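Following: one structure in structure tokens, then a few remarks.
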Amino acid sequence: MRFVKGHGTENDFVIVPDPDGSLDLTPSLVAALCDRRAGIGADGVLRVVRAKALGHDDLGAEWFMDYRNADGSVAEMCGNGVRVFARYLVDAGLAAPGDFTIGTRSGVRAVSLGATGDVSVDMGAPRILGEGHAALSGRSYAGLRVSMGNPHLACLIDEPVAGLDLEHAPDVDAAAFPDGVNVELFRPVGDGRVEMRVHERGVGETRSCGTGTVATAVAAAHAEGRTTGTWEVAVPGGVLTVILDGTTSFLRGPAVLLAEGDVHLDRLIAR
Ligand SMILES: N[C@@H](CCC[C@H](N)C(=O)O)C(=O)O
């Protein structure tokens, strides 16, 4: 099976071209592909499938991003994934550089990119759902519940994020997050900049999370009594720019394709 490996600020993906939707992408196949020792290794899989092949004839996008987490679970949206997906479409000659749309489980997303360089995406209107709490290493952190299509809890903290232990998922009120949650911990470092780390649902700690950086910008703005502004969000894998204009949100940053090849499916160890 052909694959391409890519990442956005080190949130990494196995990209699987499947234009006519013929691949049976089971959770165990996804988990085996994402295995960092016995597989290719990634935070998730991006299946590249024509919207039509899924019966979405009038979606308003030619291509659909079928995103899966490393544990095989399905997620509604992936902000870094959609940027890497767009870079793949252009690189593969399946879309022209410029502005086009991509279908996702959380709706159609408009992307903007050149032949090289950063990729921007209109991430849609964030939805603030109220307050929440996360417990980590015996401390409780207050946060804001934000939906970016997928669920987030963005917690403002007053200590450097480098010192956090995110080996295990923070404890949250399961009743408030019936579908699980991605937890961001962030600290404002001045002048529209924040530092952030994330524990992702279905993956574990990752080096970046696009939807998480937007949720973090929303929570940073909320803490200042605002709904608009531009944030530079520093994550372990790089820096992403988030723009909140009061109506929608934009995410901009690098998207890199670094390898391609064939994977021998019969040699993957079933997960
Ligand atoms: N890394 C992604 C988010 C991927 C989905 C997430 N783990 C979930 O289950 O909601 C991003 O860049 O947004």
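As shown in the structure tokens, the chain order sets the letters A, B, ...; within each chain, residues go from 1, and ligands are also counted from 1 in the order they appear.
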
Please, which residues in chain A fall within 8 Å of ligand 1 when counting only C-alpha atoms and all ligand atoms, and what is the closest atom pair and distance in Å to one decimal for each, ordered by chain then residue number, as CSV?
```
residue,atom,partner,partner_atom_place_in_ligand_line,distance
A:Gly8,CA,ligand 1,12 (O),7.9
A:Asn11,CA,ligand 1,1 (N),6.2
A:Asp43,CA,ligand 1,1 (N),7.3
A:Gly44,CA,ligand 1,4 (C),7.5
A:Tyr67,CA,ligand 1,5 (C),7.8
A:Arg68,CA,ligand 1,5 (C),7.5
A:Asn69,CA,ligand 1,7 (N),5.8
A:Ser73,CA,ligand 1,9 (O),7.5
A:Val74,CA,ligand 1,9 (O),7.0
A:Ala75,CA,ligand 1,9 (O),4.7
A:Glu76,CA,ligand 1,10 (O),6.4
A:Met77,CA,ligand 1,5 (C),5.9
A:Cys78,CA,ligand 1,13 (O),3.5
A:Gly79,CA,ligand 1,13 (O),3.7
A:Asn80,CA,ligand 1,12 (O),3.8
A:Gly81,CA,ligand 1,12 (O),5.6
A:Val82,CA,ligand 1,12 (O),7.9
A:Asn150,CA,ligand 1,10 (O),4.7
A:Pro151,CA,ligand 1,10 (O),6.0
A:His152,CA,ligand 1,10 (O),7.6
A:Gly180,CA,ligand 1,9 (O),7.8
A:Val181,CA,ligand 1,10 (O),6.7
A:Asn182,CA,ligand 1,10 (O),6.0
A:Glu200,CA,ligand 1,7 (N),4.5
A:Arg201,CA,ligand 1,9 (O),4.4
A:Gly202,CA,ligand 1,9 (O),5.4
A:Val203,CA,ligand 1,7 (N),6.1
A:Thr206,CA,ligand 1,1 (N),7.4
A:Ser208,CA,ligand 1,1 (N),6.5
A:Cys209,CA,ligand 1,12 (O),3.6
A:Gly210,CA,ligand 1,12 (O),3.5
A:Thr211,CA,ligand 1,13 (O),3.7
A:Gly212,CA,ligand 1,13 (O),5.9
A:Thr213,CA,ligand 1,13 (O),7.9
```

For A:Thr230, find every residue with an atom within 7 Å (counting only C-alpha atoms), except residues of its own chain fewer than 4 positions away, and show them as a PyMOL selection string. chain A and resi 192+242-244

Set the distance at 10 Å and use only C-alpha atoms: which residues neighbour stretch 97-100 of chain A once local chain neighbours fewer than 3 positions away are removed? I'd like the list as a count of residues only. 22

Mind checking which residues fall within 12 Å of A:Arg197, counting only C-alpha atoms, ignoring those fewer than 4 positions away in the same chain, and posting them as a PyMOL selection string? chain A and resi 153-157+160-167+170+182-187+204-210+212-213+216+233-239

Any chance you can output those residues with C-alpha atoms as a compact mmCIF listing (two decimals), in the first residue's frame?
```txt
# COMPACT_ATOMS: atom_id res chain seq x y z
CA LEU A 153 -10.44 21.67 27.51
CA ALA A 154 -7.92 24.51 27.46
CA CYS A 155 -6.46 25.30 30.90
CA LEU A 156 -4.56 28.47 31.67
CA ILE A 157 -1.70 27.74 34.06
CA PRO A 160 6.19 26.88 32.59
CA VAL A 161 4.60 24.10 30.53
CA ALA A 162 7.98 22.36 30.24
CA GLY A 163 7.64 21.12 33.83
CA LEU A 164 4.33 19.29 33.31
CA ASP A 165 4.10 15.52 33.38
CA LEU A 166 1.78 14.57 30.52
CA GLU A 167 2.74 10.93 30.31
CA PRO A 170 -5.14 14.42 32.89
CA ASN A 182 -8.19 16.78 24.19
CA VAL A 183 -6.60 18.68 27.10
CA GLU A 184 -4.38 21.73 26.53
CA LEU A 185 -2.35 23.43 29.24
CA PHE A 186 -1.10 26.86 28.30
CA ARG A 187 0.71 29.84 29.77
CA GLY A 204 -1.40 10.70 24.16
CA GLU A 205 0.90 13.69 24.39
CA THR A 206 1.67 15.03 20.91
CA ARG A 207 4.11 17.73 19.88
CA SER A 208 1.34 19.87 18.41
CA CYS A 209 -2.43 19.98 17.92
CA GLY A 210 -3.98 22.46 15.50
CA GLY A 212 -5.89 22.58 20.36
CA THR A 213 -3.98 25.74 19.49
CA THR A 216 -6.05 27.70 23.48
CA VAL A 233 1.08 29.48 20.01
CA ALA A 234 4.42 27.79 20.76
CA VAL A 235 4.14 24.02 21.03
CA PRO A 236 6.98 21.50 21.47
CA GLY A 237 7.05 20.98 17.67
CA GLY A 238 7.09 24.62 16.55
CA VAL A 239 4.90 27.70 16.37
```

Among listed residues A:Val45, A:Leu268, A:Leu59, A:Ala32, nearest A:Ile15 (using only C-alpha atoms): A:Val45

As a count of residues only, please: every residue in stretch 86-196 of chain A that a backbone DSSP assignment puts in alpha helix (DSSP H). 6
